[in-house]
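Visitor: Coordinates in my_file21.cif, mmCIF, C-alpha atoms, are listed below.
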```cif
data_final
loop_
_atom_site.group_PDB
_atom_site.id
_atom_site.type_symbol
_atom_site.label_atom_id
_atom_site.label_comp_id
_atom_site.auth_asym_id
_atom_site.auth_seq_id
_atom_site.Cartn_x
_atom_site.Cartn_y
_atom_site.Cartn_z
ATOM 1 C CA MET N 1 17.878 -27.793 19.481
ATOM 2 C CA THR N 2 17.824 -29.415 16.054
ATOM 3 C CA GLY N 3 15.955 -28.555 12.898
ATOM 4 C CA LEU N 4 14.480 -25.269 11.851
ATOM 5 C CA HIS N 5 13.610 -23.014 14.769
ATOM 6 C CA TRP N 6 12.823 -19.299 14.817
ATOM 7 C CA ARG N 7 15.176 -18.640 17.765
ATOM 8 C CA ARG N 8 18.111 -20.027 15.828
ATOM 9 C CA VAL N 9 17.240 -17.862 12.801
ATOM 10 C CA ILE N 10 16.925 -14.719 14.946
ATOM 11 C CA ALA N 11 20.166 -15.508 16.771
ATOM 12 C CA ALA N 12 21.998 -15.896 13.458
ATOM 13 C CA LEU N 13 20.599 -12.622 12.115
ATOM 14 C CA GLY N 14 21.422 -10.929 15.424
ATOM 15 C CA ASN N 15 25.129 -11.590 14.862
ATOM 16 C CA SER N 16 26.742 -8.838 12.793
ATOM 17 C CA ASP N 17 29.130 -11.138 10.905
ATOM 18 C CA ALA N 18 26.419 -13.690 10.134
ATOM 19 C CA ARG N 19 23.994 -10.956 9.050
ATOM 20 C CA THR N 20 26.575 -9.434 6.699
ATOM 21 C CA ALA N 21 27.489 -12.855 5.298
ATOM 22 C CA TYR N 22 23.786 -13.648 4.795
ATOM 23 C CA ALA N 23 23.276 -10.386 2.904
ATOM 24 C CA GLN N 24 26.260 -11.118 0.692
ATOM 25 C CA ILE N 25 25.038 -14.660 -0.012
ATOM 26 C CA VAL N 26 21.518 -13.403 -0.817
ATOM 27 C CA LEU N 27 23.073 -10.972 -3.298
ATOM 28 C CA GLY N 28 24.987 -13.826 -4.981
ATOM 29 C CA THR N 29 28.498 -13.335 -3.638
ATOM 30 C CA ALA N 30 30.643 -16.427 -4.207
ATOM 31 C CA LEU N 31 31.714 -18.280 -1.041
ATOM 32 C CA PRO N 32 35.401 -17.294 -1.215
ATOM 33 C CA ASP N 33 34.383 -13.603 -1.344
ATOM 34 C CA VAL N 34 31.992 -13.695 1.653
ATOM 35 C CA LEU N 35 33.347 -11.576 4.557
ATOM 36 C CA PRO N 36 36.705 -10.955 2.909
ATOM 37 C CA ASP N 37 37.982 -8.584 5.632
ATOM 38 C CA VAL N 38 37.160 -10.874 8.560
ATOM 39 C CA LYS N 39 39.515 -13.411 10.128
ATOM 40 C CA GLU N 40 38.928 -16.952 8.885
ATOM 41 C CA GLN N 41 37.749 -18.276 12.270
ATOM 42 C CA ARG N 42 35.045 -15.545 12.568
ATOM 43 C CA ARG N 43 34.057 -16.053 8.932
ATOM 44 C CA ASN N 44 33.698 -19.820 9.391
ATOM 45 C CA ARG N 45 31.656 -19.316 12.596
ATOM 46 C CA ALA N 46 29.293 -16.901 10.820
ATOM 47 C CA ILE N 47 28.805 -19.283 7.895
ATOM 48 C CA SER N 48 28.323 -22.222 10.268
ATOM 49 C CA ASN N 49 25.608 -20.270 12.144
ATOM 50 C CA LEU N 50 23.836 -19.541 8.864
ATOM 51 C CA LEU N 51 23.940 -23.197 7.831
ATOM 52 C CA GLU N 52 22.732 -24.433 11.239
ATOM 53 C CA SER N 53 19.898 -21.901 11.313
ATOM 54 C CA GLY N 54 18.676 -22.980 7.889
ATOM 55 C CA LEU N 55 19.093 -19.510 6.389
ATOM 56 C CA VAL N 56 21.584 -20.809 3.827
ATOM 57 C CA GLU N 57 22.073 -24.188 2.182
ATOM 58 C CA GLN N 58 25.159 -25.901 0.824
ATOM 59 C CA ARG N 59 24.868 -26.401 -2.940
ATOM 60 C CA PRO N 60 26.192 -29.578 -4.600
ATOM 61 C CA SER N 61 28.768 -27.381 -6.310
ATOM 62 C CA GLY N 62 30.161 -26.422 -2.889
ATOM 63 C CA GLY N 63 28.759 -22.898 -2.896
ATOM 64 C CA LEU N 64 26.121 -21.441 -0.602
ATOM 65 C CA ALA N 65 22.658 -20.166 -1.449
ATOM 66 C CA ALA N 66 19.985 -18.508 0.621
ATOM 67 C CA SER N 67 17.172 -20.904 1.476
ATOM 68 C CA GLU N 68 14.019 -19.988 -0.365
ATOM 69 C CA LEU N 69 11.724 -21.774 2.079
ATOM 70 C CA VAL N 70 13.128 -20.913 5.507
ATOM 71 C CA PHE N 71 10.706 -18.094 6.319
ATOM 72 C CA ARG N 72 7.675 -19.877 4.861
ATOM 73 C CA ASN N 73 8.531 -23.002 6.880
ATOM 74 C CA LEU N 74 8.905 -20.952 10.069
ATOM 75 C CA LEU N 75 5.498 -19.366 9.531
ATOM 76 C CA GLU N 76 3.917 -22.770 8.925
ATOM 77 C CA GLN N 77 5.188 -23.922 12.331
ATOM 78 C CA GLN N 78 3.056 -21.298 14.060
ATOM 79 C CA PRO N 79 -0.374 -22.405 15.245
ATOM 80 C CA ARG N 80 -3.286 -21.106 13.229
ATOM 81 C CA ARG N 81 -5.418 -18.512 14.950
ATOM 82 C CA GLN N 82 -8.650 -20.026 16.066
ATOM 83 C CA ARG N 83 -11.816 -18.180 15.186
ATOM 84 C CA LYS N 84 -13.491 -16.762 18.217
ATOM 85 C CA THR N 85 -16.769 -18.412 19.046
ATOM 86 C CA GLY N 86 -19.601 -17.705 21.427
ATOM 87 C CA LEU N 87 -19.525 -14.461 23.331
ATOM 88 C CA ASP N 88 -15.762 -14.115 22.856
ATOM 89 C CA ARG N 89 -16.353 -12.986 19.269
ATOM 90 C CA PHE N 90 -17.766 -9.726 20.647
ATOM 91 C CA MET N 91 -14.746 -9.083 22.880
ATOM 92 C CA HIS N 92 -11.138 -8.117 22.231
ATOM 93 C CA LEU N 93 -8.565 -8.255 25.021
ATOM 94 C CA GLY N 94 -11.353 -8.451 27.586
ATOM 95 C CA ARG N 95 -13.196 -5.379 26.292
ATOM 96 C CA ILE N 96 -16.410 -5.120 24.325
ATOM 97 C CA GLU N 97 -15.540 -4.664 20.675
ATOM 98 C CA ARG N 98 -19.165 -4.605 19.542
ATOM 99 C CA TYR N 99 -22.547 -5.464 20.976
ATOM 100 C CA PRO N 100 -24.414 -8.477 19.612
ATOM 101 C CA ALA N 101 -27.379 -7.573 17.394
ATOM 102 C CA ASN N 102 -29.198 -10.681 18.580
ATOM 103 C CA GLN N 103 -31.044 -9.775 21.810
ATOM 104 C CA ALA N 104 -30.459 -13.189 23.420
ATOM 105 C CA GLU N 105 -26.718 -12.984 22.776
ATOM 106 C CA ARG N 106 -26.632 -9.384 23.973
ATOM 107 C CA ARG N 107 -28.398 -10.388 27.180
ATOM 108 C CA GLU N 108 -25.970 -13.269 27.683
ATOM 109 C CA LEU N 109 -22.940 -10.990 27.205
ATOM 110 C CA LEU N 110 -24.354 -8.400 29.597
ATOM 111 C CA ALA N 111 -25.211 -11.099 32.168
ATOM 112 C CA ARG N 112 -21.642 -12.366 32.069
ATOM 113 C CA ILE N 113 -20.278 -8.874 32.685
ATOM 114 C CA ALA N 114 -22.833 -8.152 35.412
ATOM 115 C CA GLY N 115 -21.758 -11.321 37.208
ATOM 116 C CA GLU N 116 -18.142 -10.234 36.979
ATOM 117 C CA ILE N 117 -18.622 -6.709 38.327
ATOM 118 C CA ALA N 118 -20.864 -7.409 41.318
ATOM 119 C CA ALA N 119 -21.512 -10.175 43.812
ATOM 120 C CA PRO N 120 -25.058 -11.206 44.743
ATOM 121 C CA GLY N 121 -26.400 -8.870 47.429
ATOM 122 C CA GLU N 122 -23.607 -6.327 46.919
ATOM 123 C CA ARG N 123 -24.740 -2.682 46.741
ATOM 124 C CA LEU N 124 -22.693 -0.375 44.537
ATOM 125 C CA SER N 125 -22.779 3.360 44.025
ATOM 126 C CA GLU N 126 -23.063 4.639 40.459
ATOM 127 C CA ARG N 127 -19.415 5.645 40.641
ATOM 128 C CA GLN N 128 -18.375 2.097 41.675
ATOM 129 C CA VAL N 129 -20.429 0.591 38.862
ATOM 130 C CA ASN N 130 -18.852 2.979 36.355
ATOM 131 C CA GLU N 131 -15.329 2.201 37.588
ATOM 132 C CA ARG N 132 -15.924 -1.528 37.240
ATOM 133 C CA LEU N 133 -17.519 -1.204 33.809
ATOM 134 C CA LEU N 134 -14.605 0.904 32.568
ATOM 135 C CA SER N 135 -12.518 -2.242 32.160
ATOM 136 C CA TYR N 136 -15.068 -3.440 29.544
ATOM 137 C CA THR N 137 -15.756 -0.246 27.598
ATOM 138 C CA ASP N 138 -15.146 3.486 27.524
ATOM 139 C CA ASP N 139 -18.897 4.104 27.145
ATOM 140 C CA VAL N 140 -19.887 2.993 30.657
ATOM 141 C CA VAL N 141 -23.162 4.933 30.519
ATOM 142 C CA LEU N 142 -24.405 2.875 27.546
ATOM 143 C CA LEU N 143 -23.281 -0.414 29.098
ATOM 144 C CA ARG N 144 -24.893 0.459 32.453
ATOM 145 C CA ARG N 145 -28.110 1.454 30.667
ATOM 146 C CA TYR N 146 -28.194 -1.848 28.752
ATOM 147 C CA MET N 147 -27.743 -3.752 32.020
ATOM 148 C CA VAL N 148 -30.575 -1.853 33.677
ATOM 149 C CA ASP N 149 -32.834 -2.291 30.626
ATOM 150 C CA PHE N 150 -32.238 -6.049 30.643
ATOM 151 C CA GLY N 151 -32.897 -6.203 34.388
ATOM 152 C CA LEU N 152 -29.368 -7.389 35.118
ATOM 153 C CA LEU N 153 -28.671 -4.371 37.315
ATOM 154 C CA GLU N 154 -31.362 -2.869 39.484
ATOM 155 C CA ARG N 155 -31.214 0.765 40.473
ATOM 156 C CA THR N 156 -32.805 2.100 43.631
ATOM 157 C CA PRO N 157 -35.613 4.593 42.934
ATOM 158 C CA SER N 158 -33.370 7.415 44.151
ATOM 159 C CA GLY N 159 -30.612 6.245 41.757
ATOM 160 C CA SER N 160 -28.133 6.178 44.631
ATOM 161 C CA SER N 161 -27.125 2.518 44.346
ATOM 162 C CA TYR N 162 -27.177 -0.539 42.130
ATOM 163 C CA ALA N 163 -27.335 -4.278 42.755
ATOM 164 C CA LEU N 164 -27.533 -7.385 40.614
ATOM 165 C CA GLY N 165 -31.039 -7.809 39.268
ATOM 166 C CA ARG N 166 -33.152 -10.862 38.686
ATOM 167 C CA GLY N 167 -32.603 -10.593 34.952
ATOM 168 C CA GLU N 168 -36.080 -9.374 34.091
ATOM 169 C CA PRO N 169 -36.398 -6.343 31.820
ATOM 170 C CA GLN N 170 -37.715 -3.231 33.486
ATOM 171 C CA ASP N 171 -41.061 -1.829 32.326
ATOM 172 C CA GLY N 172 -41.892 -5.147 30.621
ATOM 173 C CA GLU N 173 -39.882 -4.562 27.435
ATOM 174 C CA LEU N 174 -36.380 -3.981 26.202
ATOM 175 C CA ARG N 175 -35.167 -0.680 24.946
ATOM 176 C CA GLN N 176 -34.675 -0.914 21.191
ATOM 177 C CA LEU N 177 -31.615 0.514 19.490
#
```
Could you rewrite the structure in this file as structure tokens?
Guide:
Amino acid sequence: MTGLHWRRVIAALGNSDARTAYAQIVLGTALPDVLPDVKEQRRNRAISNLLESGLVEQRPSGGLAASELVFRNLLEQQPRRQRKTGLDRFMHLGRIERYPANQAERRELLARIAGEIAAPGERLSERQVNERLLSYTDDVVLLRRYMVDFGLLERTPSGSSYALGRGEPQDGELRQL
């Protein structure tokens, strides 16, 4: 592994001698006074780890200085977070973070979830529906109601079971919030 890499930086800082030497160098201790109570071989290994990791740099004068760019450069190596698009912008870790205000988007989100919780022709009890919806939200009653209102879940007249609907709103119109 060559060049600046976060694993090398963490490994260097994970070593007690290297961490102490780094702290001393950051505070301006001259090279001959870094790790004065440590055997020369351990001291040289600690300083070598710091140089290889990029945490410190050799100055033209022969001394060492803490790199001012190492952490910024490591952060720049990380990929930028992509903005969520489509229905994913309403979800966080697979759960509904907020419901879309736009009715078409709301219907699309609910249709996706309905397709994930039930197979065509499958009959589910209210308890089964609630258990499956729990992975999407803590307010399963609201989510179930939305799905019924949008015609994505159909409830038997007795209310004893549910099945995937045809996607047509019940009673000819959507329930407004």
Visitor: Mind giving me the straight-line distance from atom CA of N:Val38 to atom CA of N:Ser67 in Å, one decimal?
Guide: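 For atom CA of N:Val38 relative to atom CA of N:Ser67, the distance reads 23.5 Å.
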Visitor: Quick one: pull the distance between atom CA of N:Gln77 and atom CA of N:Leu27, Å, one decimal.
Guide: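 Between these atoms lies a distance of 27.1 Å.
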Visitor: Since I can't run it myself right now, could you work out what the PyMOL selection byres ((chain N and resi 144) around 12) selects here and report it as a JSON list (two decimals) with C-alpha atoms, in the coordinates of the input?
Guide:
```json
[["chain", "number", "residue", "atom", "x", "y", "z"],
["N", 110, "LEU", "CA", -24.35, -8.40, 29.60],
["N", 111, "ALA", "CA", -25.21, -11.10, 32.17],
["N", 113, "ILE", "CA", -20.28, -8.87, 32.68],
["N", 114, "ALA", "CA", -22.83, -8.15, 35.41],
["N", 117, "ILE", "CA", -18.62, -6.71, 38.33],
["N", 126, "GLU", "CA", -23.06, 4.64, 40.46],
["N", 127, "ARG", "CA", -19.42, 5.64, 40.64],
["N", 128, "GLN", "CA", -18.38, 2.10, 41.68],
["N", 129, "VAL", "CA", -20.43, 0.59, 38.86],
["N", 130, "ASN", "CA", -18.85, 2.98, 36.35],
["N", 131, "GLU", "CA", -15.33, 2.20, 37.59],
["N", 132, "ARG", "CA", -15.92, -1.53, 37.24],
["N", 133, "LEU", "CA", -17.52, -1.20, 33.81],
["N", 134, "LEU", "CA", -14.60, 0.90, 32.57],
["N", 136, "TYR", "CA", -15.07, -3.44, 29.54],
["N", 137, "THR", "CA", -15.76, -0.25, 27.60],
["N", 138, "ASP", "CA", -15.15, 3.49, 27.52],
["N", 139, "ASP", "CA", -18.90, 4.10, 27.14],
["N", 140, "VAL", "CA", -19.89, 2.99, 30.66],
["N", 141, "VAL", "CA", -23.16, 4.93, 30.52],
["N", 142, "LEU", "CA", -24.40, 2.88, 27.55],
["N", 143, "LEU", "CA", -23.28, -0.41, 29.10],
["N", 145, "ARG", "CA", -28.11, 1.45, 30.67],
["N", 146, "TYR", "CA", -28.19, -1.85, 28.75],
["N", 147, "MET", "CA", -27.74, -3.75, 32.02],
["N", 148, "VAL", "CA", -30.58, -1.85, 33.68],
["N", 149, "ASP", "CA", -32.83, -2.29, 30.63],
["N", 150, "PHE", "CA", -32.24, -6.05, 30.64],
["N", 151, "GLY", "CA", -32.90, -6.20, 34.39],
["N", 152, "LEU", "CA", -29.37, -7.39, 35.12],
["N", 153, "LEU", "CA", -28.67, -4.37, 37.32],
["N", 154, "GLU", "CA", -31.36, -2.87, 39.48],
["N", 155, "ARG", "CA", -31.21, 0.76, 40.47],
["N", 162, "TYR", "CA", -27.18, -0.54, 42.13],
["N", 163, "ALA", "CA", -27.34, -4.28, 42.76],
["N", 164, "LEU", "CA", -27.53, -7.38, 40.61]]
```
Visitor: Pull out every residue that the PyMOL selection byres ((chain N and resi 74) around 12) matches in the shown coordinates and put them as JSON, numbers by chain.
Guide: {"N": [3, 4, 5, 6, 7, 8, 9, 10, 53, 54, 55, 67, 68, 69, 70, 71, 72, 73, 75, 76, 77, 78, 79]}
Visitor: Could you write out as a ChimeraX atom specification the residues that the PyMOL selection byres ((chain N and resi 32) around 12) matches in the shown file?
Guide: /N:21,24-25,28-31,33-38,40,43-44,47,62-64
Visitor: In Å to one decimal, how far is atom CA of N:Asn102 from atom CA of N:Ser135?
Guide: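 Computed distance, atom CA of N:Ser135 to atom CA of N:Asn102, equals 23.1 Å.
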Visitor: For a quick check of understanding, using only C-alpha atoms, which of N:Ala23, N:Ile96, N:Ala46, N:Leu87 has the smallest distance to N:Ala65?
Guide: N:Ala23
Visitor: Which centre and which edge lengths, in Å to one decimal, describe the axis-aligned box that holds all listed atoms of stretch 100-114 of chain N after 5 Å is added on each side, as AutoDock Vina command-line options?
Guide:
```
--center_x -25.7 --center_y -10.4 --center_z 26.4 --size_x 20.8 --size_y 15.7 --size_z 28.0
```
Visitor: Which residue gives the smallest distance to N:Val56 among N:Arg98, N:Glu105, N:Phe90, N:Leu13, with all atoms listed in the file counted?
Guide: N:Leu13
